[in-house]
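Undergrad: Here it is: the structure, laid out below.
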Amino acid sequence: MRAFTALIARDLRLSLRIGGEALTLVLFFVMIGVIVPFAIGPDKGQLARLAPGIVWIAAFLSMLLGLDRLFRNDDDDGSLLLFRHAAIPLEAIVAAKTIAHWLLTALPLLVATPVLAILLAMDFESWWRTTFSLLLGTPALVAFGALGAAVTVSLRRGGLIAPVLILPLCVPVLIFGVGAISGGSSGPALLFLAAISLVVSTFAPFAAALALRVAGD
Amino acid sequence: MTLDAAAKKSNWFSRLAHPGQFLSWSRPLVLPLAVLSALLFAIGLWLSFFASPEDYQMGDMVRVMYVHVPNAWLSQFVYGVMAVSALGTLVWRHPLADVAGKAAAPLGAVFTALALYTGALWGRPTWGTFWEWDGRMTSTLVLLLIYLGIIALWRAFDDQLRAARIVAIVTLVGAINIPVIKFSVDWWNTLHQPASIFTAKGPRMPLSILTPLLIMAIAFTLLFLTLHIVSMRTEIFRRRAETLSRQAALSAEAN
Amino acid sequence: MEHAVFILWAYLGVAVLVAALVLYVAWDARRVAARLKALEARGIRRRSAGKAS
Amino acid sequence: MSPSHALPQRRLKVSGLCCRRGERLLIDQLDFEVAAGEILLLRGPNGAGKTTLLLALAGVVRPEAGSIALTGGEADAGSMSDLHLLGHRAAVKPRLTVAENLRFWADMNGGERALIEPALVAAGLAHAEALEAGHLSAGQTRRLALARLLVAERPVWLLDEPTAALDSDGELLVGRLLDAHLLRGGLVVAATHHDLALRPPVRLRTLTLGVPA
């Protein structure tokens, strides 16, 4: 357990010290919100209707953007090799890194949603729903992302292929994520979303650890 | 920590599945399979065009079904083949499993694309639209994307041995999509009709329509098997050729 | 035959793509076999050639 | 160094080991044994498979045939955390301080934080403790990597060129660390081109790996 928390603490500390990474991601996230009104016109009603979907797409793209860093740095400096001999199994290490990655890439976005809500003319109700559905859905996105990052860690041009691989897998998350926002019967969609997140973040560390083992062989 | 490399089993299966053995026993299969497939296509096409009645509901559009359903079936069957190969790669580390998985991916992608294409052409007159975001069409599109991703991943690796195991992991994870396609019609019932051949109460269509459909499905499946065997043989030869040319490069360096 | 156009296009598309696939697979097989033969003709042998084939 | 209480006794037995890298069979039918308190030096030209052998012993590279057994533990399971691997790459984060790097690996490998100070002193990095590791020289980074072996006590050390990038002082340091480790009943497999500065009563064996075919 000490190793688990030490790894999360290290990743957080490194990111804070290097600085700006989380900020860049938030900036990207907000910038999508700025771009969209230019692309589809500044009609408030239309913006408000599209807003939840735009927020989800922005979150999804931001997640893809940060993906390559998840294992790449540790692979480059040899840490990943040594993680195999840590006091905890590689699966737990992947889980710890995934949690740290969620804290660094998804949590700042959740904090930044109010800005996007104002830009996209969302009312309080749909902002709240959007944030809640992001909270439930992003763990699944990050877990699939960890899998994609692990699978492509030994590829130099992996940064490009990982999104292509995990995009189809993330489709159900997006379906239920957006479904949970649009009023009416959002209860089942929220439950589905929570279930997907739970299942995916449970099994993804195993698949990702397997991929990392293969990549080192 | 005790590491023992897996002892070589020598049952009939592992002997047949040895790449060299596979090359010799698969060779005489190709021509008969191809001929049989062509024959069934001829019969199936004749039946579906001239010898089958119009459906009381769909009218003559039922004839599109004879090419749509076999391709839809293959899109999932081929993924099943790839998933089993992936297990073979990960669990038994069988070289032939790598080859089978790699050879199947482009074939599966083509059949999936055809399923979508014929589906769109069938949808236009019956539903009034080429494309609808309903559960089964969407999940089939996702399946096509997974196929393309897997092909891209194969091509991204130089080392095919490592690629095989990593692609196998992705293939197995992507297999979640297959049950989603299967049940999407029930979960998310919009336009696409529910299952009508494999139901608990038996097929829900008259024999005059079922017969050409089955013949076409078998013909397409045999076509896939033929192409798969040929592609696997090609892949084995390709790997040999690559080994040889690397060897040639090495010995050229030495001289 | 009120929907003849759609039926025709469906069968045509399938025929074209399947034919392309078959031709590609056959062409690929020939190409690789020729390459292997050329390499073997240059006197390069696999070390495990004896037991494998 | 902390008082030299004994390490758990381990025995490494390798039999019929074959390892393949890509097309080439690098290691063919290798047999050897290393007992507690022994050091095995791997010799051989570049490309002879020294690193591959170390990676195989570390359970990273899967051997094509043969077996690697590390015996003597309470149970065979969990023995991955019985060994330290020192590779070419230092696994040092430039934006963490020297002490933070060590503390991380102490936590990660189930070591004790009390060992960090003595390890820094032993590696000759005591003065650089609060420095960001990115400011270290190549040799100092290597010393930091060596100090990592000391913050979590493990009986088996697998070292790949432990003296690389080190000055003569650093080579003596490696010798001292190895002596102490062997004296406590540790087991070392080291791939090296240099002679290590070991004190005479050492149970040293050498294995020369062949030239690539």
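Residues in the structure tokens are named by chain (A, B, ... in the order shown) and by number from 1 within that chain; ligands are numbered from 1 in the order shown.
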For chain A, report every residue with an atom at most 12 Å from chain B (counting only C-alpha atoms), formatted as number ranges by chain.

TA: A: 144, 147-172, 175-176, 196, 199-200, 203-217

Undergrad: How would the residues just picked look written out with C-alpha atoms as a JSON list (two decimals), in the first residue's frame?

TA:
[["chain", "number", "residue", "atom", "x", "y", "z"],
["A", 144, "PHE", "CA", -9.12, 2.60, -21.68],
["A", 147, "LEU", "CA", -4.62, 0.33, -22.02],
["A", 148, "GLY", "CA", -3.93, 2.20, -25.23],
["A", 149, "ALA", "CA", -0.82, 3.80, -23.76],
["A", 150, "ALA", "CA", 0.48, 0.45, -22.51],
["A", 151, "VAL", "CA", -0.11, -1.25, -25.83],
["A", 152, "THR", "CA", 1.81, 1.41, -27.75],
["A", 153, "VAL", "CA", 4.58, 2.08, -25.23],
["A", 154, "SER", "CA", 7.20, 0.31, -27.31],
["A", 155, "LEU", "CA", 6.25, 2.16, -30.48],
["A", 156, "ARG", "CA", 7.96, 5.40, -31.35],
["A", 157, "ARG", "CA", 4.93, 6.60, -33.25],
["A", 158, "GLY", "CA", 2.63, 5.26, -30.56],
["A", 159, "GLY", "CA", 1.21, 8.68, -29.80],
["A", 160, "LEU", "CA", -0.75, 8.54, -33.00],
["A", 161, "ILE", "CA", -2.04, 5.00, -32.93],
["A", 162, "ALA", "CA", -3.25, 4.80, -29.32],
["A", 163, "PRO", "CA", -6.23, 7.14, -29.90],
["A", 164, "VAL", "CA", -7.23, 5.18, -33.01],
["A", 165, "LEU", "CA", -7.26, 1.99, -30.97],
["A", 166, "ILE", "CA", -9.19, 3.17, -27.95],
["A", 167, "LEU", "CA", -11.63, 5.44, -29.72],
["A", 168, "PRO", "CA", -14.03, 2.64, -30.72],
["A", 169, "LEU", "CA", -13.82, 1.21, -27.21],
["A", 170, "CYS", "CA", -14.81, 4.55, -25.73],
["A", 171, "VAL", "CA", -17.98, 4.83, -27.83],
["A", 172, "PRO", "CA", -20.28, 3.24, -25.22],
["A", 175, "ILE", "CA", -23.21, 7.17, -25.56],
["A", 176, "PHE", "CA", -24.18, 6.69, -21.94],
["A", 196, "ILE", "CA", -18.91, 0.67, -17.31],
["A", 199, "VAL", "CA", -15.80, -2.78, -14.88],
["A", 200, "VAL", "CA", -13.32, -1.09, -17.19],
["A", 203, "PHE", "CA", -9.97, -5.09, -15.77],
["A", 204, "ALA", "CA", -7.93, -2.52, -17.71],
["A", 205, "PRO", "CA", -4.96, -2.59, -15.29],
["A", 206, "PHE", "CA", -4.62, -6.33, -15.88],
["A", 207, "ALA", "CA", -4.69, -6.00, -19.66],
["A", 208, "ALA", "CA", -2.37, -2.99, -19.55],
["A", 209, "ALA", "CA", 0.11, -4.74, -17.24],
["A", 210, "LEU", "CA", 0.10, -7.72, -19.59],
["A", 211, "ALA", "CA", 0.84, -5.41, -22.50],
["A", 212, "LEU", "CA", 3.68, -3.76, -20.58],
["A", 213, "ARG", "CA", 5.20, -7.16, -19.78],
["A", 214, "VAL", "CA", 5.03, -8.15, -23.44],
["A", 215, "ALA", "CA", 6.48, -4.81, -24.51],
["A", 216, "GLY", "CA", 9.52, -5.30, -22.30],
["A", 217, "ASP", "CA", 10.16, -8.85, -23.48]]

Undergrad: May I have the residues within 7 Å of stretch 205-210 of chain B as a list in words, using only C-alpha atoms and disregarding those fewer than 3 positions away in the same chain?

TA: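 Residues near the query, excluding close chain neighbours: Ser52, Leu213 and Leu214 of chain B.
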
Undergrad: Restricted to N, CA, C and O atoms, what would the selected residues look like written as a PDB file, in the first residue's frame?

TA:
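Ended up saving to selection-v9.pdb:
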ATOM      1  N   SER B  52     -36.539 -17.392 -55.937  1.00  0.00           N
ATOM      2  CA  SER B  52     -37.122 -17.148 -54.625  1.00  0.00           C
ATOM      3  C   SER B  52     -38.204 -16.082 -54.744  1.00  0.00           C
ATOM      4  O   SER B  52     -38.082 -15.144 -55.528  1.00  0.00           O
ATOM      5  N   LEU B 213     -30.685 -18.022 -48.542  1.00  0.00           N
ATOM      6  CA  LEU B 213     -29.912 -17.293 -47.543  1.00  0.00           C
ATOM      7  C   LEU B 213     -28.815 -18.181 -46.968  1.00  0.00           C
ATOM      8  O   LEU B 213     -27.638 -17.785 -46.871  1.00  0.00           O
ATOM      9  N   LEU B 214     -29.209 -19.415 -46.594  1.00  0.00           N
ATOM     10  CA  LEU B 214     -28.221 -20.314 -46.007  1.00  0.00           C
ATOM     11  C   LEU B 214     -27.139 -20.661 -47.013  1.00  0.00           C
ATOM     12  O   LEU B 214     -25.950 -20.702 -46.679  1.00  0.00           O
TER      13      LEU B 214
END

Undergrad: Please, what distance in Å, to one decimal, runs between atom CA of D:Val156 and atom CA of D:Ala36?

TA: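 Computing it gives 8.6 Å between the two atoms.
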
Undergrad: As a ChimeraX atom specification, please: the residues near stretch 78-93 of chain A (cut-off 8 Å, only C-alpha atoms, same-chain neighbours under 6 positions excluded).

TA: /A:1,3-4,7,71,205-206,208-209,216 /D:60,80-85,87,89-92,108-110

Undergrad: Could you dump the residues just selected with N, CA and C atoms as a tab-separated table (two decimals), in the first residue's frame?

TA:
chain	number	residue	atom	x	y	z
A	1	MET	N	0.83	-1.20	0.00
A	1	MET	CA	0.00	0.00	0.00
A	1	MET	C	0.87	1.25	0.00
A	3	ALA	N	3.78	1.51	-1.35
A	3	ALA	CA	4.30	1.69	-2.71
A	3	ALA	C	3.23	2.33	-3.60
A	4	PHE	N	1.99	1.88	-3.41
A	4	PHE	CA	0.87	2.39	-4.21
A	4	PHE	C	0.73	3.90	-4.05
A	7	LEU	N	3.70	5.97	-5.36
A	7	LEU	CA	3.72	6.16	-6.81
A	7	LEU	C	2.77	7.28	-7.23
A	71	PHE	N	2.89	6.29	-19.72
A	71	PHE	CA	3.98	5.35	-19.46
A	71	PHE	C	5.28	5.74	-20.14
A	205	PRO	N	-6.32	-2.45	-15.81
A	205	PRO	CA	-4.96	-2.59	-15.29
A	205	PRO	C	-4.35	-3.96	-15.60
A	206	PHE	N	-5.16	-5.00	-15.60
A	206	PHE	CA	-4.62	-6.33	-15.88
A	206	PHE	C	-4.17	-6.42	-17.34
A	208	ALA	N	-3.47	-3.92	-19.31
A	208	ALA	CA	-2.37	-2.99	-19.55
A	208	ALA	C	-1.06	-3.55	-19.01
A	209	ALA	N	-1.11	-4.16	-17.82
A	209	ALA	CA	0.11	-4.74	-17.24
A	209	ALA	C	0.63	-5.86	-18.13
A	216	GLY	N	8.15	-5.26	-22.79
A	216	GLY	CA	9.52	-5.30	-22.30
A	216	GLY	C	10.27	-6.53	-22.76
D	60	VAL	N	12.36	-10.50	-17.01
D	60	VAL	CA	11.83	-9.55	-17.99
D	60	VAL	C	11.73	-10.21	-19.36
D	80	MET	N	9.97	-11.97	-7.14
D	80	MET	CA	10.35	-10.86	-7.99
D	80	MET	C	10.85	-9.71	-7.14
D	81	SER	N	10.36	-9.61	-5.92
D	81	SER	CA	10.83	-8.53	-5.06
D	81	SER	C	12.02	-9.00	-4.21
D	82	ASP	N	12.70	-10.03	-4.68
D	82	ASP	CA	13.92	-10.51	-4.03
D	82	ASP	C	15.15	-9.90	-4.67
D	83	LEU	N	14.94	-9.26	-5.81
D	83	LEU	CA	16.13	-8.88	-6.56
D	83	LEU	C	16.11	-7.41	-6.95
D	84	HIS	N	17.31	-6.89	-7.11
D	84	HIS	CA	17.53	-5.55	-7.63
D	84	HIS	C	18.15	-5.67	-9.00
D	85	LEU	N	17.65	-4.88	-9.93
D	85	LEU	CA	18.25	-4.84	-11.25
D	85	LEU	C	18.84	-3.45	-11.44
D	87	GLY	N	20.28	-1.36	-14.41
D	87	GLY	CA	20.45	-1.40	-15.86
D	87	GLY	C	21.23	-0.21	-16.37
D	89	ARG	N	19.89	2.36	-17.79
D	89	ARG	CA	19.16	3.58	-17.50
D	89	ARG	C	18.99	3.71	-16.00
D	90	ALA	N	19.13	4.92	-15.49
D	90	ALA	CA	19.26	5.11	-14.05
D	90	ALA	C	17.92	5.12	-13.32
D	91	ALA	N	16.81	5.27	-14.05
D	91	ALA	CA	15.49	5.38	-13.41
D	91	ALA	C	15.49	6.49	-12.37
D	92	VAL	N	16.11	7.61	-12.73
D	92	VAL	CA	16.16	8.77	-11.84
D	92	VAL	C	15.33	9.87	-12.47
D	108	MET	N	8.76	2.27	-2.90
D	108	MET	CA	8.33	1.41	-4.01
D	108	MET	C	8.79	-0.03	-3.80
D	109	ASN	N	10.01	-0.19	-3.34
D	109	ASN	CA	10.58	-1.53	-3.24
D	109	ASN	C	10.44	-2.12	-1.84
D	110	GLY	N	9.64	-1.47	-1.01
D	110	GLY	CA	9.41	-2.02	0.32
D	110	GLY	C	10.62	-1.90	1.22

Undergrad: Between atom CA of B:Ala83 and atom CA of B:Thr171, what is the spacing in Å?

TA: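 The value is 6.0 Å.
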
Undergrad: For the helix (DSSP H, G or I) assignment from backbone DSSP, which residues of stretch 12-192 of chain D qualify? Please present them as an NGL selection string.

TA: :D and (50-57 or 79-82 or 98-108 or 113-122 or 126-128 or 133-135 or 138-151 or 168-183)

Undergrad: When DSSP works through the backbone of this structure, what residues of stretch 29-176 of chain D end up as strand (DSSP E or B), shown as a PyMOL selection string?

TA: chain D and resi 29-34+38-43+65-71+83-86+97+132+156-160
